[in-house]
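Asker: Have a look at this one.
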Amino acid sequence: MKGLIPLCDWLNQAPAHPVAISHDGPVGHDAFTQQVARCYWQLSSAKPGQRWAVYHADTLVFLAWVLALWQRGCTVCVPGDNRPGTNQRLSTRVSGFVGDYPVELSSVDHASNEIVSIPEWRALDTGFPALEIYTSGSTGEPKPVQKTFTQLQSELEALEALWPDHHDAVIVTTVTHQHLYGLTFRLFWPLCRGQLFESSQCQFSEEIFQRAHQYAHFSLVSTPSHLSRFNPVLDWDEVEPRCVAVVSSAAPLMREDSLAVAALLHAPVREIYGSSETGALAWRIQGDREESPWQLLPGVQGELTADATLKISAPQVTDGCQTLSDRVVMATDGRFRLLGRTDRIAKIEGKRVSLVEIEQQAEQLPLIKLARSLVLSGRRTEVGLVAELTDEGNRTLQSDGKRALVQQLKAALSRCFEPVVLPRRWRFVSHMPYNAQGKITVESLKTLFQADSTKWPSILSQTAEAASAELMLHVPASLIYFDGHFAGNPILPGITQVHWAAHYGRELLGVDGVFCRLEAAKFQQVIFPESQVRLELEYQAEKNKLVFRYVSDKGGHSSGRICFS
Amino acid sequence: MSNLHLDVKQMIIEALDLEDIEADDISDSDPLFVDGLGLDSIDALEIGLALQKRYGIKLKADSDETRQHFASVNALVALIQSQAEK
């Protein structure tokens with residue numbers, strides 16, 4: 001096994017080989033150190049001990065700033081994006097911004113294109129806090145996480161011990177280095193192994209395909225978002241012999257997606273489990289027969305806590321030891337399976353976001369009084385937001401419509417959040433769905449989204465107690481039940497009303513059993529499309545009967561008792 | 001609005017499982033990403049796959065070019081028409 005170049009002294013110890021592949025081809029060692037020197041001289045205002053933010057889409061440009069700032073004795077802050085809200089939050093924490101920032105934030109001297117002198121590079125102290133990254137904390141505030149060179153290097157050594165092969169493969173990637181996973185796998189690890197990496201990222205399968213064609217061997221660093229949307233139609237047979245490995249992290253990859261990519265590229269799909277706080281901790285490669293469990297990386301120890309979470313000890317973890325927020329089930333051999341998080345941090349297409357932070361930011365907007373967010377899994381994983389509007393919000397909803405209101409709210413939230421994590425489904429309710437204990441549960445929020453507008457009413461508000469519930473319903477004209485019932489004069493069929501009552505009884509009051517008959521049914525007034533009705537439910541558990549009543553300001557529409565067995 | 005425009009809009013709504021939006025609400029010329037419809041990078045991947053499935057479109061490996069094709073409904077229609085001519 002070849003040893004890794006220490007990250008803290010890379011400038012002195014790197015061999016005179018090309019460093020990376022840019023759009024214009026390989027970038028040689030001398031050209032790159034020249035670029036670092038140029039950055040270094042531009043940073044004359046940087047003082048040791050300061051924190052500086054670096055953001056740039058090009059990995060080599062980013063790296064040049066990082067190495068130069070380290071030489072100036074500064075900690076590099078790596079934000080996930082350069083949105084105005086993020087910059088504003090960082091401005092109290094950092095002394096300067098470099099890379100892709102508006103001119104008014106940029107704090108460096110004018111760049112020169114001339115050859116500059118190379119300063120005497122110094123080896124940095126391994127205990128120096130090289131990096132600061134930000135991750136969603138459960139309080140809603142982004143939480144800074146610092147990494148020393150020792151921590152970064154330990155993580156790289158663990159990976160190298162596990163997978164010491166294929167130094168000659170070029171890293172092709174769909175991930176940014178502005179997150180720890182990308183930073184480690186597409187930048188620092190290859191950099192310290194002397195392995196070439198591409199300085200820009202790919203978006204589509206077609207780009208991966210075309211770039212892979214250029215190299216004798218390549219390794220793909222990607223995420224479940226991309227791997228699950230891999231285009232299978234391309235002629236992968238042509239590049240498959242060149243692929244040595246695929247790495248996936250940021251979220252669990254579905255087993256079928258892993259196997260599909262492994263078959264197309266004829267290479268192992270190495271999944272990584274970890275977090276910004278801990279770095280990479282465990283790995284798995286899916287087997288043919290069943291879901292593979294996770295195994296800890298070399299040098300990482302894990303211990304099951306009483307709460308079924310993992311307590312991790314490893315040199316790369318802050319303070320050497322940390323308890324994770326995922327619940328796990330662990331086998332006697334120490335391998336484990338993940339069961340989901342214990343807090344309100346969500347992973348949306350691999351991006352970590354605090355649901356609390358989304359709610360806090362939403363509630364700061366003048367249109368929203370109260371907000372609750374949740375994760376919805378449909379075609380993709382997405383955030384849903386339920387909100388009670390302020391008077392101003394309600395006025396906007398009435399005058400401009402839901403779409404315009406949603407667009408306005410999304411635009412406001414996009415100051416602070418990446419597009420992928422912005423809520424994609426919105427429900428505006430007059431009252432949050434509180435239960436008998438005065439709590440808003442995830443289940444009750446979910447019911448607001450389950451409504452398929454062709455089969456269900458939209459729920460404007462709902463309250464539930466132990467044995468009774470009330471729902472305010474809007475009956476959309478788009479319901480399939482209005483079709484042909486009756487032509488030219490649509491009304492809501494009685495059977496649909498009974499079906500809805502039984503459905504919400506099961507959902508909100510725990511009604512159980514099979515529908516057996518209807519008693520005392522009365523259909524007094526018809527319900528027209530686009531009307532608003534209140535559904536009152538009362539469950540008589542001892543008789544196993546559900547009493548329902550549809551009423552509106554016009555009076556009673558229908559009522560009856562549904563008997564279950 | 002041509003049939004192809006309408007078809008592309010329906011493809012977008014279906015492929016992305018968009019809510020509260022009808023084909024008529026999508027403009028031919030407004031940007032699909034960031035502003036306008038406000039789509040994101042995952043949506044771009046889904047549109048890429050949907051184009052392949054529905055129209056047999058192969059994307060070029062050049063992401064800048066692809067970004068231009070994905071700029072608006074008009075641009076997508078032009079892409080589909082140009083590949084149909086080949």
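Every chain in the structure tokens has a letter given in the order shown (A, B, ...), and although residue numbers restart at 1 in each chain, ligands are simply numbered from 1 in the order shown.
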Run DSSP on the backbone and tell me which residues of segment 1-74 of chain B come out as helix (DSSP H, G or I); list them as JSON, numbers by chain.
Answerer: {"B": [3, 4, 5, 6, 7, 8, 9, 10, 11, 12, 13, 14, 15, 16, 23, 24, 25, 41, 42, 43, 44, 45, 46, 47, 48, 49, 50, 51, 52, 53, 54, 55, 63, 64, 65, 66, 67, 68, 69, 73, 74]}
Asker: Excluding segment 3-11 of chain B and residues on its chain fewer than 3 positions from it, collect all residues at most 6 Å away from it, counting only C-alpha atoms, and give them as number ranges by chain.
Answerer: B: 14-15, 23
Asker: Could you name the residues that touch Asp43 of chain B at 9 Å or less, counting only C-alpha atoms, but leaving out those on the same chain fewer than 6 positions away, as a CSV table (one decimal) with N, CA, C and O atoms, in the first residue's frame?
Answerer:
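out13.csv, written as the output of this step:
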chain,number,residue,atom,x,y,z
A,420,VAL,N,-33.7,22.1,-3.8
A,420,VAL,CA,-34.2,20.7,-3.6
A,420,VAL,C,-34.9,20.5,-2.2
A,420,VAL,O,-35.8,19.7,-2.2
B,12,ILE,N,-44.1,17.3,-18.3
B,12,ILE,CA,-43.4,18.0,-17.2
B,12,ILE,C,-44.3,17.7,-15.9
B,12,ILE,O,-43.8,17.3,-14.9
B,15,ALA,N,-44.1,13.9,-15.1
B,15,ALA,CA,-42.8,13.4,-14.7
B,15,ALA,C,-42.4,13.9,-13.3
B,15,ALA,O,-41.8,13.2,-12.6
B,16,LEU,N,-42.8,15.1,-13.0
B,16,LEU,CA,-42.4,15.8,-11.8
B,16,LEU,C,-43.5,15.7,-10.7
B,16,LEU,O,-43.3,16.2,-9.6
B,33,PHE,N,-36.5,26.7,-14.6
B,33,PHE,CA,-35.8,26.5,-13.4
B,33,PHE,C,-35.6,27.8,-12.7
B,33,PHE,O,-35.7,28.9,-13.3
Asker: Work out how far apart atom CA of Leu7 of chain A and atom CA of Arg193 of chain A are and give it in Å to one decimal.
Answerer: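 These two atoms are separated by 10.1 Å.
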Asker: Excluding Tyr504 of chain A and any residue of its chain fewer than 6 positions from it, enumerate the residues within 10 Å of it, using only C-alpha atoms, and give them as a PyMOL selection string.
Answerer: chain A and resi 447+469-471+510-511+535+537
Asker: Write to file, as a JSON list (two decimals), in the first residue's frame, the residues of the selection just made, with C-alpha atoms.
Answerer:
[["chain", "number", "residue", "atom", "x", "y", "z"],
["A", 447, "THR", "CA", -53.62, 12.98, 6.00],
["A", 469, "ALA", "CA", -63.79, 14.35, 15.19],
["A", 470, "GLU", "CA", -64.75, 17.28, 13.03],
["A", 471, "LEU", "CA", -63.43, 18.04, 9.57],
["A", 510, "GLY", "CA", -59.08, 4.26, 15.10],
["A", 511, "VAL", "CA", -62.31, 2.69, 13.81],
["A", 535, "LEU", "CA", -68.18, 16.37, 8.62],
["A", 537, "LEU", "CA", -67.92, 11.96, 13.35]]
Asker: Any idea what's packed within 8 Å of Ile13 of chain B, counting only C-alpha atoms, ignoring anything in its chain fewer than 5 positions away? Could you give it as a list in words?
Answerer: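 My list of contacting residues is Leu18, Glu19, Ile21, Glu22 and Ala23 of chain B.
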Asker: Using only C-alpha atoms and a cut-off of 10 Å, which residues of chain B sit close to chain A? Please list them as an MDAnalysis selection string.
Answerer: chainID B and resid 15:21 25 33:46 48:49 52:53 56 58:63 66
Asker: Do a neighbour search on Ser552 of chain A at 10 Å with only C-alpha atoms, toss out local chain neighbours closer than 6 positions, and write the hits as a list in words.
Answerer: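 My reading of the contact set: Met472, Leu473, Ile527, Ser531, Gln532, Val533, Arg534 and Leu535 of chain A.
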Asker: Within 10 Å of segment 353-365 of chain A, counting only C-alpha atoms, which residues show up once you throw out same-chain ones fewer than 2 positions away? Write them as number ranges by chain, please.
Answerer: A: 135-142, 343-348, 350-351, 367-375, 383-390, 393, 409-410, 412-413, 415-418, 421-423
Asker: Under the rule that only C-alpha atoms are counted, which of A:Leu310, A:Val526, A:Cys8, A:Val94 is the nearest residue to Phe149 of chain A?
Answerer: A:Cys8
Asker: Any chance you could list, as a ChimeraX atom specification, the residues in segment 125-338 of chain A that come up strand (DSSP E or B) when DSSP is run on the backbone?
Answerer: /A:129-136,142-148,170-173,197-198,218-222,243-248,269-275,279-284,294-296,301-304,309-313,321-330,336-338
Asker: One decimal, Å: what's the distance from atom CA of Gly96 of chain A over to atom CA of Val116 of chain A, could you say?
Answerer: 22.6 Å
